[in-house]
Amino acid sequence: RSKLRVGLIPGDGIGAEVIPAARRAIEALGSDIPKTEFVDLEAGFELFARSGDALPEETVEALGECDCALFGAVSSPIKKITGYSSPIVALRKKLDLYANVRPVVSVAAKGAEDTKPVDLVVVRENTECLYVKQESQTTSERGKEARAIRLITEYASQRIGKMAFELALGRPRQVFTIIHKSNVLSVTDGLFRESVRSVPRLVENGRYDNVKIEEQIVDSAVYRLFREPQIYDVMVAPNLYGDIISDAAAALVGSLGLVPSINAGDNFVMGEPVHGSAPDIAGQGIANPLASIRSAALMLRHLGYTSGADRLERAVNEVLYEAQVLTPDMGGKSKTQDVLDEVIRRL
Ligand code: NAD
Ligand code: MN
């Protein structure tokens, strides 16, 4: 690539504060990445309230012309509102972003001993399982009866498995844990487990030979995640288990304002902080921009811009653990802008 086109979808609430900060951090990378062009795009609940459309066709089309994107957060009303559905769920489908990748890393504050260091990445299948949202309701002798379809395919399980194996190759420990419940759901979770296990046989000889493949039933995986998180490295899971495990893992390392993710497919990648639109602090200039800057780093790493990603991540860690320029969610008094300025200074 001689040029990088990055779509920016701040969305609602603090999205409008943290995504511009991530943009400035990317711009500060200079020659580590190709010349970058940013494309401002709209989506979200505030847009829906104004225009009746949460995800305009222009936004989807413009993303088609981009190499990657950064998504802030969108508000979702608790009560169902006719005509509104979450643009992020729709975007994952439309762009076939079949993997949600969420690294969770604890770094001890300077001088402190970290007894349970967490350094894992959850790789969650993003398109199937119960999230196909095929639910129905009837009545029976038991009264109302509701059911949902849980879809697992060999195709989707193998492609998420392949992405997870590739991620494992880039990690020092190369431990790979398949999360499932095939002791009970032998057909669906059995297919997930078998499909992921078949991946090494499908790629060129021996590519994943050094990866240590393990598996864990989902409930005991959560138990062990809380008791001994250090045993995990790469965790690959079907959609619902992955959703729950990745939120649980994020809780092990503190503020939501720190945890990044990407939604990735074969042709597109979208960085997205794990947090929401934080209406309680929106507009005050105190949102923590580090989750978004780390999401930008993950996005660049996924595209192969390793040195740029490394520099961003190093700068974030220095701000956290050396400079300690911290927003109020981390116990500090600094503003979004102060944190960004310090990140840029350290780049
Ligand atoms: P939230 O993540 O927005 O906020 C939870 C708490 O964490 C709040 O106290 C908030 O101030 C704090 N927080 C979150 N991000 C922060 C940051 N970067 N810096 C400092 N503090 C931060 O979750 P919520 O309050 O449950 O949801 C608020 C809205 O966001 C809801 O409408 C919800 O539907 C939406 N939401 C969207 C996404 C998404 O777009 N992917 C994810 C979660 C929630
Ligand atoms: Mn979730």
# chains A, B, ... in the order shown; residues from 1 in each chain; ligands from 1

call {"tool": "residues_near_ligand", "arguments": {"ligand": "ligand 2", "cutoff": "7 Å", "atoms": "only C-alpha atoms and all ligand atoms", "output": "MDAnalysis selection string"}}
result
chainID A and resid 243:244 247

call {"tool": "write_last_selection", "arguments": {"atoms": "N, CA and C atoms", "output": "tab-separated table (two decimals), in the first residue's frame"}}
result
chain	number	residue	atom	x	y	z
A	243	ASP	N	-18.13	-13.70	23.89
A	243	ASP	CA	-18.64	-12.42	24.36
A	243	ASP	C	-18.49	-12.34	25.88
A	244	ILE	N	-18.94	-13.37	26.56
A	244	ILE	CA	-18.93	-13.36	28.02
A	244	ILE	C	-17.49	-13.43	28.55
A	247	ASP	N	-15.57	-10.06	28.17
A	247	ASP	CA	-15.91	-9.04	29.17
A	247	ASP	C	-15.34	-9.42	30.53

call {"tool": "residues_around", "arguments": {"residues": "Leu47 in chain A", "least_positions_apart": "6", "cutoff": "10 Å", "atoms": "only C-alpha atoms", "output": "CSV table (one decimal) with N, CA and C atoms, in the first residue's frame"}}
result
chain,number,residue,atom,x,y,z
A,11,GLY,N,-19.4,7.9,16.4
A,11,GLY,CA,-20.6,7.4,17.0
A,11,GLY,C,-21.1,8.4,18.0
A,12,ASP,N,-21.5,7.9,19.2
A,12,ASP,CA,-22.2,8.7,20.2
A,12,ASP,C,-21.3,9.0,21.4
A,53,ASP,N,-32.1,7.2,10.7
A,53,ASP,CA,-31.2,6.2,10.1
A,53,ASP,C,-29.9,6.0,11.0
A,54,ALA,N,-29.7,4.9,11.6
A,54,ALA,CA,-28.6,4.7,12.5
A,54,ALA,C,-27.3,4.4,11.7
A,55,LEU,N,-27.5,3.8,10.5
A,55,LEU,CA,-26.3,3.4,9.7
A,55,LEU,C,-26.6,3.7,8.2
A,56,PRO,N,-26.3,5.0,7.8
A,56,PRO,CA,-26.7,5.4,6.4
A,56,PRO,C,-25.9,4.6,5.4
A,74,VAL,N,-21.6,3.4,20.3
A,74,VAL,CA,-22.9,3.9,20.1
A,74,VAL,C,-23.8,3.6,21.3

call {"tool": "atom_distance", "arguments": {"atom1": "atom 40 (O, counted along the ligand's line) of ligand 1", "atom2": "CA of His275 in chain A"}}
result
6.9 Å

call {"tool": "select_by_dssp", "arguments": {"residues": "range 173-285 of chain A", "states": "strand (DSSP E)", "output": "ChimeraX atom specification"}}
result
/A:175-180,212-217,234-237,262-264,269-271

call {"tool": "write_last_selection", "arguments": {"atoms": "C-alpha atoms", "output": "compact mmCIF listing (two decimals), in the first residue's frame"}}
result
# COMPACT_ATOMS: atom_id res chain seq x y z
CA VAL A 175 -0.73 -21.89 24.05
CA PHE A 176 -4.07 -22.29 22.31
CA THR A 177 -7.24 -23.09 24.25
CA ILE A 178 -10.47 -24.08 22.52
CA ILE A 179 -13.51 -23.10 24.61
CA HIS A 180 -16.64 -25.22 24.22
CA LYS A 212 0.23 -26.19 22.13
CA ILE A 213 -3.44 -27.06 21.59
CA GLU A 214 -5.58 -27.39 24.69
CA GLU A 215 -9.28 -27.25 25.38
CA GLN A 216 -11.51 -26.27 28.25
CA ILE A 217 -15.20 -26.56 28.99
CA VAL A 234 -4.94 -17.55 23.07
CA MET A 235 -8.57 -18.45 23.81
CA VAL A 236 -10.81 -19.24 20.83
CA ALA A 237 -14.55 -19.46 21.36
CA ILE A 262 -10.59 -5.23 16.62
CA ASN A 263 -13.29 -6.70 14.44
CA ALA A 264 -11.48 -8.45 11.64
CA VAL A 269 -10.40 -4.54 9.97
CA MET A 270 -12.14 -2.18 12.36
CA GLY A 271 -10.64 -1.05 15.65

call {"tool": "residues_around", "arguments": {"residues": "Asn126 in chain A", "least_positions_apart": "5", "cutoff": "8 Å", "atoms": "only C-alpha atoms", "output": "count of residues only"}}
result
7

call {"tool": "residues_around", "arguments": {"residues": "Lys3 in chain A", "least_positions_apart": "3", "cutoff": "7 Å", "atoms": "only C-alpha atoms", "output": "PyMOL selection string"}}
result
chain A and resi 34-36

call {"tool": "write_last_selection", "arguments": {"atoms": "N, CA and C atoms", "output": "PDB file, in the first residue's frame"}}
result
ATOM      1  N   PRO A  34       2.137   4.131   5.832  1.00  0.00           N
ATOM      2  CA  PRO A  34       1.983   4.892   4.589  1.00  0.00           C
ATOM      3  C   PRO A  34       1.245   6.207   4.848  1.00  0.00           C
ATOM      4  N   LYS A  35       1.308   7.081   3.907  1.00  0.00           N
ATOM      5  CA  LYS A  35       0.562   8.334   3.988  1.00  0.00           C
ATOM      6  C   LYS A  35      -0.909   8.014   4.254  1.00  0.00           C
ATOM      7  N   THR A  36      -1.453   8.635   5.288  1.00  0.00           N
ATOM      8  CA  THR A  36      -2.779   8.243   5.749  1.00  0.00           C
ATOM      9  C   THR A  36      -3.815   9.314   5.431  1.00  0.00           C
TER      10      THR A  36
END

call {"tool": "closest_residue", "arguments": {"among": "A:Ala297, A:Val253, A:Leu326, A:Ala291", "to": "Leu312 in chain A", "atoms": "only C-alpha atoms"}}
result
A:Ala297

call {"tool": "closest_residue", "arguments": {"among": "A:Pro87, A:Gly30, A:Gly72, A:Pro289", "to": "Glu57 in chain A", "atoms": "only C-alpha atoms"}}
result
A:Pro87

call {"tool": "residues_around", "arguments": {"residues": "Gln158 in chain A", "least_positions_apart": "2", "cutoff": "8 Å", "atoms": "only C-alpha atoms", "output": "VMD selection string"}}
result
chain A and resid 154 to 156 160 to 162 195 to 196 198 to 199

call {"tool": "closest_residue", "arguments": {"among": "A:Lys335, A:Val132, A:Arg124, A:Asp119", "to": "Val89 in chain A", "atoms": "only C-alpha atoms"}}
result
A:Val132

call {"tool": "atom_distance", "arguments": {"atom1": "CA of Val18 in chain A", "atom2": "CA of Phe38 in chain A"}}
result
15.0 Å

call {"tool": "closest_residue", "arguments": {"among": "A:His302, A:Arg23, A:Arg171, A:Lys80", "to": "ligand 1", "atoms": "only C-alpha atoms and all ligand atoms"}}
result
A:Lys80
